[in-house]
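Coordinates as given in model_0.txt (compact mmCIF, C-alpha atoms and all ligand atoms):
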```
# COMPACT_ATOMS: atom_id res chain seq x y z
CA MET B 1 0.00 0.00 0.00
CA ASN B 2 1.21 3.54 -0.77
CA LEU B 3 0.46 6.66 1.24
CA PHE B 4 -2.39 8.87 0.00
CA ASP B 5 -0.26 11.56 -1.57
CA VAL B 6 -1.58 14.86 -0.19
CA TYR B 7 1.54 16.43 1.29
CA PRO B 8 4.31 18.07 -0.77
CA LEU B 9 7.32 16.98 1.29
CA TYR B 10 10.67 18.58 2.02
CA ASN B 11 13.43 16.04 1.64
CA VAL B 12 14.23 15.86 5.38
CA THR B 13 13.65 12.83 7.64
CA PRO B 14 13.87 13.72 11.33
CA VAL B 15 14.78 10.84 13.60
CA SER B 16 15.36 12.59 16.92
CA ALA B 17 14.81 15.97 18.52
CA ASN B 18 15.71 17.86 21.66
CA GLY B 19 14.65 21.36 22.68
CA ILE B 20 14.82 23.48 19.52
CA LEU B 21 17.05 20.95 17.70
CA VAL B 22 15.89 18.31 15.23
CA THR B 23 18.33 15.71 13.83
CA ASP B 24 17.72 13.87 10.58
CA ASP B 25 18.68 10.41 9.32
CA GLN B 26 21.85 11.86 7.73
CA GLY B 27 23.05 13.18 11.09
CA LYS B 28 22.31 16.81 10.17
CA THR B 29 20.94 18.93 13.01
CA TYR B 30 18.38 21.66 12.28
CA HIS B 31 17.10 24.55 14.40
CA ASP B 32 13.32 24.34 14.60
CA PHE B 33 11.67 27.77 14.36
CA TYR B 34 8.35 26.28 13.25
CA GLY B 35 7.51 23.65 15.88
CA GLY B 36 5.74 21.46 13.30
CA HIS B 37 2.94 24.01 12.65
CA ALA B 38 3.02 25.71 16.10
CA VAL B 39 2.68 22.41 17.96
CA ILE B 40 5.94 22.18 19.91
CA SER B 41 5.36 24.54 22.82
CA ILE B 42 7.77 23.38 25.55
CA GLY B 43 10.50 22.07 23.22
CA HIS B 44 11.05 18.63 21.75
CA SER B 45 11.60 15.80 24.24
CA HIS B 46 11.26 17.98 27.32
CA PRO B 47 12.40 15.70 30.24
CA HIS B 48 9.32 16.45 32.38
CA TYR B 49 7.01 15.72 29.44
CA ILE B 50 8.75 12.41 28.68
CA GLN B 51 8.69 11.36 32.32
CA ARG B 52 5.01 12.20 32.79
CA LEU B 53 3.99 10.29 29.67
CA LYS B 54 6.19 7.30 30.55
CA ASP B 55 4.84 7.17 34.11
CA GLN B 56 1.28 7.35 32.81
CA LEU B 57 1.87 4.62 30.25
CA ASP B 58 3.18 2.37 33.04
CA LYS B 59 -0.14 2.86 34.86
CA ILE B 60 -2.95 3.12 32.26
CA GLY B 61 -2.88 4.62 28.77
CA PHE B 62 -6.53 4.61 27.82
CA TYR B 63 -10.03 3.88 28.91
CA SER B 64 -13.22 5.33 27.49
CA ASN B 65 -15.29 8.25 28.74
CA SER B 66 -17.73 5.89 30.46
CA ILE B 67 -15.48 5.66 33.54
CA LYS B 68 -14.07 8.26 35.93
CA ASN B 69 -10.78 9.82 34.88
CA PRO B 70 -9.39 12.08 37.64
CA LEU B 71 -6.69 13.31 35.25
CA GLN B 72 -9.38 15.17 33.29
CA VAL B 73 -10.48 16.93 36.48
CA GLU B 74 -6.87 17.75 37.39
CA LEU B 75 -6.35 19.13 33.88
CA ALA B 76 -9.51 21.26 33.92
CA THR B 77 -8.55 22.68 37.33
CA LYS B 78 -4.98 23.52 36.31
CA LEU B 79 -6.06 24.93 32.93
CA GLY B 80 -8.76 27.09 34.53
CA ALA B 81 -6.31 28.52 37.05
CA LEU B 82 -3.44 29.19 34.63
CA SER B 83 -5.62 30.70 31.92
CA ASN B 84 -7.79 32.67 34.34
CA CYS B 85 -10.85 30.99 32.81
CA GLU B 86 -12.27 29.32 35.90
CA ASP B 87 -15.85 30.09 34.88
CA TYR B 88 -15.64 27.72 31.88
CA ASN B 89 -16.14 23.95 31.65
CA LEU B 90 -13.85 21.71 29.60
CA PHE B 91 -14.67 19.18 26.88
CA LEU B 92 -11.69 17.22 25.57
CA ILE B 93 -11.17 15.93 22.03
CA ASN B 94 -8.22 15.16 19.77
CA SER B 95 -7.50 18.01 17.34
CA GLY B 96 -8.12 21.63 16.42
CA ALA B 97 -10.70 20.84 13.75
CA GLU B 98 -12.57 18.64 16.19
CA ALA B 99 -12.48 21.41 18.81
CA ASN B 100 -14.06 23.87 16.37
CA GLU B 101 -16.51 21.28 15.06
CA ASN B 102 -17.82 20.69 18.59
CA ALA B 103 -17.84 24.42 19.37
CA LEU B 104 -19.92 25.20 16.26
CA LYS B 105 -22.28 22.31 16.91
CA LEU B 106 -22.74 23.32 20.54
CA ALA B 107 -23.50 26.92 19.51
CA SER B 108 -26.15 25.60 17.17
CA PHE B 109 -27.68 23.37 19.86
CA HIS B 110 -27.63 26.23 22.35
CA THR B 111 -29.19 28.91 20.15
CA GLY B 112 -31.38 26.70 17.94
CA LYS B 113 -29.94 28.53 14.91
CA SER B 114 -27.55 27.33 12.21
CA ARG B 115 -25.69 30.04 10.27
CA ILE B 116 -22.06 30.80 11.10
CA ILE B 117 -20.19 34.06 10.59
CA ALA B 118 -16.47 33.61 9.96
CA PHE B 119 -13.75 35.88 8.60
CA LYS B 120 -11.71 36.36 5.47
CA ASN B 121 -8.42 34.43 5.52
CA GLY B 122 -9.55 32.49 8.58
CA PHE B 123 -8.57 28.83 9.06
CA HIS B 124 -10.51 26.55 11.39
CA GLY B 125 -9.70 23.00 10.25
CA ARG B 126 -10.63 20.51 7.58
CA THR B 127 -13.77 18.78 8.86
CA SER B 128 -17.44 19.43 8.17
CA ALA B 129 -18.41 22.84 9.62
CA ALA B 130 -14.83 23.82 10.52
CA VAL B 131 -13.74 23.66 6.89
CA ALA B 132 -16.91 25.41 5.75
CA ALA B 133 -15.97 28.28 8.09
CA THR B 134 -12.45 28.31 6.61
CA ASP B 135 -11.84 30.85 3.86
CA ASN B 136 -10.37 28.50 1.27
CA PRO B 137 -12.67 27.19 -1.50
CA LYS B 138 -9.99 24.68 -2.60
CA ILE B 139 -10.42 22.58 0.55
CA ASN B 140 -14.23 22.89 0.71
CA ALA B 141 -15.90 19.90 -0.96
CA PRO B 142 -19.50 20.13 -2.23
CA LEU B 143 -20.54 18.27 0.93
CA ASN B 144 -19.02 20.96 3.16
CA GLN B 145 -20.44 23.77 1.05
CA GLN B 146 -23.90 22.77 2.27
CA GLN B 147 -23.19 24.44 5.61
CA LYS B 148 -24.55 27.95 6.05
CA VAL B 149 -21.51 30.17 6.46
CA THR B 150 -21.00 33.85 5.74
CA ILE B 151 -17.40 34.99 5.45
CA LEU B 152 -16.85 38.68 6.17
CA PRO B 153 -13.78 40.93 6.07
CA LEU B 154 -12.17 41.69 9.43
CA ASP B 155 -12.91 45.19 10.72
CA ASP B 156 -15.98 45.84 8.52
CA VAL B 157 -18.50 46.78 11.22
CA GLN B 158 -21.27 47.64 8.78
CA ALA B 159 -21.16 44.29 6.98
CA PHE B 160 -21.02 42.50 10.34
CA GLU B 161 -24.00 44.40 11.77
CA LYS B 162 -26.05 43.66 8.68
CA GLU B 163 -25.40 39.90 8.82
CA ILE B 164 -25.71 39.31 12.55
CA SER B 165 -29.05 41.11 12.77
CA LYS B 166 -30.72 38.58 10.44
CA ASN B 167 -31.66 36.35 13.37
CA ASP B 168 -30.40 33.06 11.95
CA VAL B 169 -26.78 33.18 13.18
CA CYS B 170 -25.72 30.66 15.86
CA SER B 171 -22.06 31.63 16.20
CA VAL B 172 -19.25 33.91 15.16
CA ILE B 173 -15.89 32.17 14.97
CA ILE B 174 -12.71 34.22 15.00
CA GLU B 175 -8.98 33.61 15.34
CA THR B 176 -7.61 36.37 17.56
CA ILE B 177 -4.37 36.18 15.58
CA GLN B 178 -4.79 34.44 12.25
CA GLY B 179 -2.30 31.62 11.85
CA VAL B 180 -2.44 30.02 8.42
CA GLY B 181 -3.86 33.24 6.90
CA GLY B 182 -0.80 35.32 7.73
CA LEU B 183 -1.03 36.84 11.25
CA ASP B 184 -3.73 39.46 10.75
CA GLU B 185 -5.76 40.48 13.80
CA PRO B 186 -9.07 42.26 14.31
CA SER B 187 -8.78 45.83 15.59
CA ALA B 188 -9.66 46.18 19.28
CA ALA B 189 -12.70 48.30 18.39
CA PHE B 190 -13.97 45.70 15.92
CA TYR B 191 -13.45 42.75 18.28
CA LYS B 192 -15.31 44.63 21.03
CA LYS B 193 -18.17 45.45 18.67
CA VAL B 194 -18.35 41.82 17.53
CA ALA B 195 -18.55 40.64 21.15
CA ALA B 196 -21.25 43.20 22.00
CA LEU B 197 -23.36 42.39 18.93
CA CYS B 198 -23.09 38.66 19.67
CA LYS B 199 -24.58 39.28 23.14
CA GLU B 200 -27.36 41.51 21.75
CA ASN B 201 -28.35 38.96 19.11
CA ASN B 202 -28.13 35.73 21.13
CA VAL B 203 -25.16 34.55 19.08
CA LEU B 204 -22.23 32.67 20.64
CA LEU B 205 -18.72 34.08 20.21
CA ILE B 206 -16.15 31.35 19.56
CA ALA B 207 -12.49 32.33 19.96
CA ASP B 208 -10.41 29.89 17.93
CA GLU B 209 -7.25 29.82 20.04
CA VAL B 210 -5.97 26.60 18.47
CA GLN B 211 -2.82 28.31 17.23
CA CYS B 212 -2.53 31.56 19.20
CA GLY B 213 -3.59 30.03 22.54
CA PHE B 214 -1.73 28.16 25.26
CA GLY B 215 0.75 30.97 25.83
CA ARG B 216 2.08 31.43 22.32
CA SER B 217 0.98 35.06 22.02
CA GLY B 218 2.62 36.12 25.30
CA LYS B 219 -0.65 35.80 27.24
CA PHE B 220 -2.41 32.50 27.92
CA PHE B 221 -5.04 33.32 25.30
CA GLY B 222 -4.74 35.75 22.42
CA PHE B 223 -8.07 37.41 23.19
CA GLN B 224 -6.67 38.39 26.62
CA HIS B 225 -4.62 41.08 24.86
CA TYR B 226 -7.94 42.84 24.26
CA GLU B 227 -9.92 44.51 27.00
CA GLY B 228 -13.47 43.37 27.64
CA ILE B 229 -13.55 40.29 25.39
CA LYS B 230 -15.23 37.28 26.99
CA PRO B 231 -15.85 34.52 24.41
CA ASP B 232 -18.68 32.07 25.07
CA ILE B 233 -16.50 29.24 23.77
CA ILE B 234 -12.72 28.94 23.39
CA THR B 235 -11.08 26.22 21.30
CA ILE B 236 -7.59 24.85 21.91
CA ALA B 237 -5.22 22.22 20.45
CA LYS B 238 -1.71 22.39 18.88
CA GLY B 239 0.69 23.56 21.65
CA MET B 240 -1.61 22.03 24.25
CA GLY B 241 -0.07 18.57 23.83
CA ASN B 242 3.44 19.46 22.55
CA GLY B 243 2.92 16.85 19.84
CA PHE B 244 0.47 14.52 21.54
CA PRO B 245 -2.85 14.76 19.63
CA VAL B 246 -5.23 16.56 21.96
CA GLY B 247 -7.76 19.37 21.68
CA GLY B 248 -10.25 21.05 23.96
CA VAL B 249 -13.33 23.23 24.08
CA LEU B 250 -13.72 25.68 26.97
CA ILE B 251 -17.42 26.30 27.38
CA HIS B 252 -18.71 29.18 29.50
CA GLU B 253 -20.65 27.91 32.49
CA SER B 254 -23.77 29.71 31.27
CA ILE B 255 -24.03 27.05 28.54
CA GLU B 256 -25.66 23.94 29.94
CA ALA B 257 -24.43 20.40 29.40
CA SER B 258 -26.65 17.36 29.11
CA TYR B 259 -25.78 13.68 28.80
CA GLY B 260 -25.00 12.71 25.23
CA LEU B 261 -24.91 16.28 23.87
CA LEU B 262 -21.24 15.83 22.89
CA GLY B 263 -19.05 12.75 22.95
CA THR B 264 -15.86 11.09 21.74
CA THR B 265 -14.03 7.77 22.07
CA PHE B 266 -10.45 8.96 22.41
CA GLY B 267 -10.88 12.52 23.70
CA GLY B 268 -9.45 13.14 27.17
CA ASN B 269 -7.73 9.78 27.43
CA HIS B 270 -5.13 9.25 30.16
CA LEU B 271 -2.11 9.82 27.93
CA ALA B 272 -3.58 12.99 26.38
CA CYS B 273 -4.27 14.36 29.87
CA ALA B 274 -0.75 13.49 31.06
CA ALA B 275 0.77 15.24 28.01
CA THR B 276 -1.35 18.37 28.52
CA LEU B 277 -0.68 18.47 32.26
CA ALA B 278 3.05 18.20 31.55
CA VAL B 279 2.78 21.16 29.15
CA LEU B 280 0.86 23.25 31.69
CA GLU B 281 3.35 22.38 34.45
CA VAL B 282 6.32 23.40 32.32
CA LEU B 283 4.63 26.60 31.06
CA ASP B 284 4.06 27.49 34.70
CA SER B 285 7.34 26.41 36.32
CA GLU B 286 9.57 27.81 33.55
CA ASN B 287 7.56 31.05 33.08
CA LEU B 288 7.30 30.38 29.36
CA ILE B 289 4.40 32.74 28.67
CA GLU B 290 6.44 35.65 30.05
CA ASN B 291 9.41 34.42 28.00
CA ALA B 292 7.30 34.53 24.82
CA ALA B 293 6.19 38.08 25.62
CA THR B 294 9.74 39.25 26.37
CA LEU B 295 11.28 37.68 23.30
CA GLU B 296 8.77 39.41 21.02
CA SER B 297 10.44 42.79 21.70
CA TYR B 298 13.89 41.34 21.06
CA PHE B 299 12.65 39.74 17.84
CA ARG B 300 11.27 43.09 16.68
CA GLU B 301 14.58 44.84 17.50
CA LYS B 302 16.56 42.29 15.50
CA ALA B 303 14.11 42.40 12.59
CA ALA B 304 14.52 46.18 12.39
CA GLU B 305 18.19 45.63 11.46
CA ILE B 306 17.19 43.90 8.20
CA PRO B 307 16.04 46.33 5.47
CA GLN B 308 14.32 43.63 3.38
CA ILE B 309 11.81 43.04 6.21
CA LYS B 310 8.81 45.28 5.55
CA ARG B 311 6.85 44.51 8.67
CA VAL B 312 6.75 42.24 11.71
CA LYS B 313 3.31 40.77 12.40
CA GLY B 314 1.95 38.79 15.36
CA ARG B 315 2.60 38.66 19.08
CA GLY B 316 4.76 36.73 21.54
CA LEU B 317 6.35 33.84 19.68
CA MET B 318 3.62 33.72 17.03
CA LEU B 319 5.38 35.96 14.56
CA GLY B 320 5.57 36.70 10.88
CA LEU B 321 8.08 38.59 8.78
CA GLU B 322 6.62 40.33 5.74
CA PHE B 323 8.84 40.70 2.67
CA ASP B 324 8.13 42.29 -0.71
CA PHE B 325 8.83 38.96 -2.44
CA GLU B 326 7.34 35.49 -2.09
CA VAL B 327 9.20 33.56 0.62
CA ALA B 328 8.95 29.94 -0.64
CA ASP B 329 12.49 29.97 -2.07
CA LEU B 330 13.91 31.71 1.01
CA ARG B 331 12.34 29.02 3.23
CA LYS B 332 13.96 26.29 1.13
CA ARG B 333 17.36 27.96 1.37
CA LEU B 334 16.95 28.38 5.13
CA ILE B 335 16.30 24.66 5.48
CA HIS B 336 19.00 23.38 3.15
CA ASN B 337 21.77 25.98 3.58
CA GLN B 338 21.18 27.17 7.14
CA LEU B 339 19.57 24.02 8.58
CA LEU B 340 16.69 26.04 9.95
CA PHE B 341 12.93 25.33 9.78
CA THR B 342 10.46 28.21 9.30
CA GLY B 343 6.87 28.36 8.08
CA GLY B 344 4.92 29.87 5.21
CA ALA B 345 1.34 31.23 5.18
CA LYS B 346 -1.58 31.68 2.80
CA ASP B 347 -0.10 35.15 2.29
CA LYS B 348 2.95 34.10 0.29
CA TYR B 349 4.96 37.16 1.40
CA ILE B 350 4.97 36.10 5.06
CA LEU B 351 7.63 33.95 6.69
CA ARG B 352 6.17 32.47 9.86
CA VAL B 353 8.22 31.92 13.01
CA LEU B 354 6.61 29.65 15.61
CA PRO B 355 9.34 28.23 17.85
CA ALA B 356 9.01 26.49 21.19
CA LEU B 357 8.26 28.98 23.96
CA ASN B 358 11.47 28.16 25.86
CA ILE B 359 13.91 29.51 23.27
CA ASN B 360 16.23 32.36 24.26
CA LYS B 361 17.88 35.45 22.75
CA GLU B 362 20.86 33.43 21.46
CA HIS B 363 18.46 31.31 19.39
CA LEU B 364 16.97 34.47 17.91
CA ASP B 365 20.49 35.81 17.17
CA LEU B 366 21.21 32.59 15.32
CA PHE B 367 17.94 32.89 13.40
CA PHE B 368 18.58 36.48 12.29
CA ASN B 369 22.22 35.76 11.39
CA ALA B 370 21.08 32.90 9.16
CA LEU B 371 18.43 35.12 7.59
CA LYS B 372 21.01 37.85 6.92
CA VAL B 373 23.28 35.36 5.14
CA GLU B 374 20.46 34.19 2.88
CA LEU B 375 19.30 37.74 2.14
CA ALA B 376 22.80 39.07 1.34
C1 LIG F 1 -6.48 28.51 14.08
C2 LIG F 1 -6.61 27.05 13.72
N1 LIG F 1 -7.75 26.41 13.98
C3 LIG F 1 -7.90 25.11 13.71
C4 LIG F 1 -6.88 24.38 13.12
C5 LIG F 1 -7.07 22.91 12.83
O1 LIG F 1 -6.33 22.15 13.70
P1 LIG F 1 -6.02 20.60 13.40
O2 LIG F 1 -5.07 20.57 12.23
O3 LIG F 1 -5.44 20.09 14.68
O4 LIG F 1 -7.32 19.95 13.07
C6 LIG F 1 -5.67 25.01 12.84
C7 LIG F 1 -4.57 24.26 12.19
O5 LIG F 1 -3.66 24.81 11.62
C8 LIG F 1 -5.53 26.39 13.13
O6 LIG F 1 -4.39 27.04 12.88
```
Give the structure from the file, written as structure tokens.
Amino acid sequence: MNLFDVYPLYNVTPVSANGILVTDDQGKTYHDFYGGHAVISIGHSHPHYIQRLKDQLDKIGFYSNSIKNPLQVELATKLGALSNCEDYNLFLINSGAEANENALKLASFHTGKSRIIAFKNGFHGRTSAAVAATDNPKINAPLNQQQKVTILPLDDVQAFEKEISKNDVCSVIIETIQGVGGLDEPSAAFYKKVAALCKENNVLLIADEVQCGFGRSGKFFGFQHYEGIKPDIITIAKGMGNGFPVGGVLIHESIEASYGLLGTTFGGNHLACAATLAVLEVLDSENLIENAATLESYFREKAAEIPQIKRVKGRGLMLGLEFDFEVADLRKRLIHNQLLFTGGAKDKYILRVLPALNINKEHLDLFFNALKVELA
């Protein structure tokens, strides 16, 4: 059997990794400034993470959601405290798309309505309603196009007011900092207006924090950079498990649960909880959210030394460098000549930088030196 050929691959085969370093089968060691699509949050093979997963595996790796799993309770408690979201309840699943899928479904159950408002250049995953809310016709099959979704430009208050007042909208889904799209953000005034109009119109506000959440933006959640934003639902995945497949939906306590409303076989299993708890413990004990916030300023200082960089976008360690040329070739040269992984975006002029949150200034010096060599 062959693999279903959907990924254009770089010719690199990693076999081991540690911290920000990834070593391939030829013995070459790369610096990872991409974290495998913003997934590696506490660094590859963090010793606490390995130990917690190993210990858990020695005890029990999985049982279904029909039994008690105290690790889920421990996780919800720790997550609530660290994120300052104690007035939410947690539902655990396995991926970002699944988190958004459940969030959208729950909003529809709760409001009895079915249309979704999403935003231009947004990305929410590749499953049923999540992909329909994603602004990319190429990945929306006819099946997905049956969903009722209206995609609006960010910051267009008039268009938003017109759509949300039609009385058929169940939810508005927004990435506080767009990931795949290219690091655009709503203005504070627009985000505030969106939140207020959601309340007025009995529409649930879903903050998709799959990429910008879990500390990456320099606060636990991206929306916490904005004053007065209180989403009804928050979705998480990616950095949450540092590579272990896990996702979550934080549901405001005003939204009622009932048996059978949502469900999953694998979600919240013992290993997924151990991985997420390890990530939370390391974020906390190593002050990694503060580190992400501090390093953003240093990154911006270093970027200012390079004339080809037109703009720095993003926050914390969710950053993008905008050039006046397409960056695909530059990314290839960074991998093959400088042994350094970076990311691209839907906006082809943006080079994305999404390293583990425990990097330091020396790593950023190395990154900018490599960039300077390739731009010379
Ligand atoms: C903001 C956002 N939401 C959802 C997803 C989908 O996550 P997953 O690939 O885990 O399904 C992604 C993935 O890139 C994302 O960036």
| said: To check your reading of the model: which residues sit at most 8 Å from ligand LIG 1 (chain F) when counting all atoms listed in the file? Write the answer as a list in words. | reply: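 Protein and nucleic-acid residues within 8 Å of ligand LIG 1 (chain F): His37, Asn94, Ser95, Gly96, Ala97, Glu98, Ala99, Asn100, Gly122, Phe123, His124, Gly125, Arg126, Thr127, Ala130, Glu175, Gln178, Gly179, Val180, Asp208, Glu209, Val210, Gln211, Cys212, Ala237, Lys238, Pro245 and Gly247 of chain B.
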| field | Shell around Lys313 (chain B) at 12 Å using all atoms listed in the file, local window under 6 positions removed, as a PyMOL selection string | value | chain B and resi 177-179+181-185+217+296-297+299-300+303+319-323+349-353
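Minimum atom-to-atom distance to Asp329 (chain B), evaluated using all atoms listed in the file, belongs to B:Lys348 out of B:Lys348, B:His46, B:Lys120, B:Lys166.
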| Near Phe62 (chain B), within 10 Å and counting only C-alpha atoms, which residues show up once chain neighbours fewer than 5 positions away are dropped, as a count of residues only? | 11
| Among the residues B:Ile40, B:Leu92, B:Ala81, B:Ile289, the one that comes closest to Leu21 (chain B) [using only C-alpha atoms] |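 Smallest distance to Leu21 (chain B) is found for B:Ile40.
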Axis-aligned box over every listed atom of region 311-317 of chain B, padded by 5 Å per side: centre and edges in Å to one decimal, as AutoDock Vina command-line options?
```
--center_x 4.4 --center_y 39.2 --center_z 15.1 --size_x 14.9 --size_y 20.7 --size_z 22.9
```
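Our summary of the geometry notes that CA of Ile255 (chain B) is positioned 28.3 Å from CA of Gly218 (chain B).
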| message | Ranking B:Thr235, B:Asn360, B:Asn337, B:Ser114 by minimum distance to Leu250 (chain B) and counting only C-alpha atoms, which one comes first? | response | B:Thr235
| request: Choose the residue, out of B:Asn65, B:Gln72, B:Gln158, B:Gln51, that has the smallest atom-to-atom separation from Tyr259 (chain B); count all atoms listed in the file. | output: B:Asn65
Mind dumping a table of every region 259-317 of chain B residue within 12 Å of region 366-375 of chain B, with the nearest atom pair and its distance in Å to one decimal, using all atoms listed in the file, sorted by chain and rising number, as a tab-separated table?
```
residue	atom	partner	partner_atom	distance
B:Tyr298	CA	B:Phe368	CA	11.1
B:Phe299	CA	B:Phe368	CA	8.8
B:Arg300	CA	B:Phe368	CA	10.8
B:Glu301	CA	B:Phe368	CA	10.6
B:Lys302	CA	B:Phe368	CA	6.9
B:Ala303	CA	B:Phe368	CA	7.4
B:Ala304	CA	B:Phe368	CA	10.5
B:Glu305	CA	B:Phe368	CA	9.2
B:Ile306	CA	B:Lys372	CA	7.3
B:Pro307	CA	B:Leu375	CA	9.8
B:Gln308	CA	B:Leu375	CA	7.8
B:Ile309	CA	B:Leu375	CA	10.0
```
| When distances are computed from all atoms listed in the file, which of B:Lys199, B:Lys68, B:Lys219, B:His31 shows the smallest separation from Pro231 (chain B)? | B:Lys199
| said: So, with only C-alpha atoms as the atoms that count, which of B:Ile60, B:Ala257, B:Cys85, B:Leu340 lies closest to Leu106 (chain B)? | reply: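 Once distances to Leu106 (chain B) are computed over only C-alpha atoms, the minimum belongs to B:Ala257.
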| query | What does the distance between CA of Lys113 (chain B) and CA of Gly263 (chain B) come to in Å, to one decimal place? | reply |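 Computing the Euclidean distance for CA of Lys113 (chain B) and CA of Gly263 (chain B) yields 20.8 Å.
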| field | Separation of CA of Asn102 (chain B) from CA of Lys162 (chain B), in Å and rounded to one decimal | value | 26.3 Å
Surrounding residues of Asp156 (chain B) excluding itself and chain neighbours under 2 positions, 12 Å, only C-alpha atoms, as a tab-separated table (two decimals) with C-alpha atoms, in the frame of the given file:
```
chain	number	residue	atom	x	y	z
B	119	PHE	CA	-13.75	35.88	8.60
B	120	LYS	CA	-11.71	36.36	5.47
B	151	ILE	CA	-17.40	34.99	5.45
B	152	LEU	CA	-16.85	38.68	6.17
B	153	PRO	CA	-13.78	40.93	6.07
B	154	LEU	CA	-12.17	41.69	9.43
B	158	GLN	CA	-21.27	47.64	8.78
B	159	ALA	CA	-21.16	44.29	6.98
B	160	PHE	CA	-21.02	42.50	10.34
B	161	GLU	CA	-24.00	44.40	11.77
B	162	LYS	CA	-26.05	43.66	8.68
B	163	GLU	CA	-25.40	39.90	8.82
B	186	PRO	CA	-9.07	42.26	14.31
B	187	SER	CA	-8.78	45.83	15.59
B	189	ALA	CA	-12.70	48.30	18.39
B	190	PHE	CA	-13.97	45.70	15.92
B	191	TYR	CA	-13.45	42.75	18.28
B	193	LYS	CA	-18.17	45.45	18.67
B	194	VAL	CA	-18.35	41.82	17.53
```
| field | Near-Ile20 (chain B) list (10 Å; all atoms listed in the file; drop same-chain fewer than 2 positions) as JSON, numbers by chain | value | {"B": [17, 18, 22, 30, 31, 32, 33, 34, 35, 40, 42, 43, 44, 45, 355, 356, 357, 358, 359, 363]}
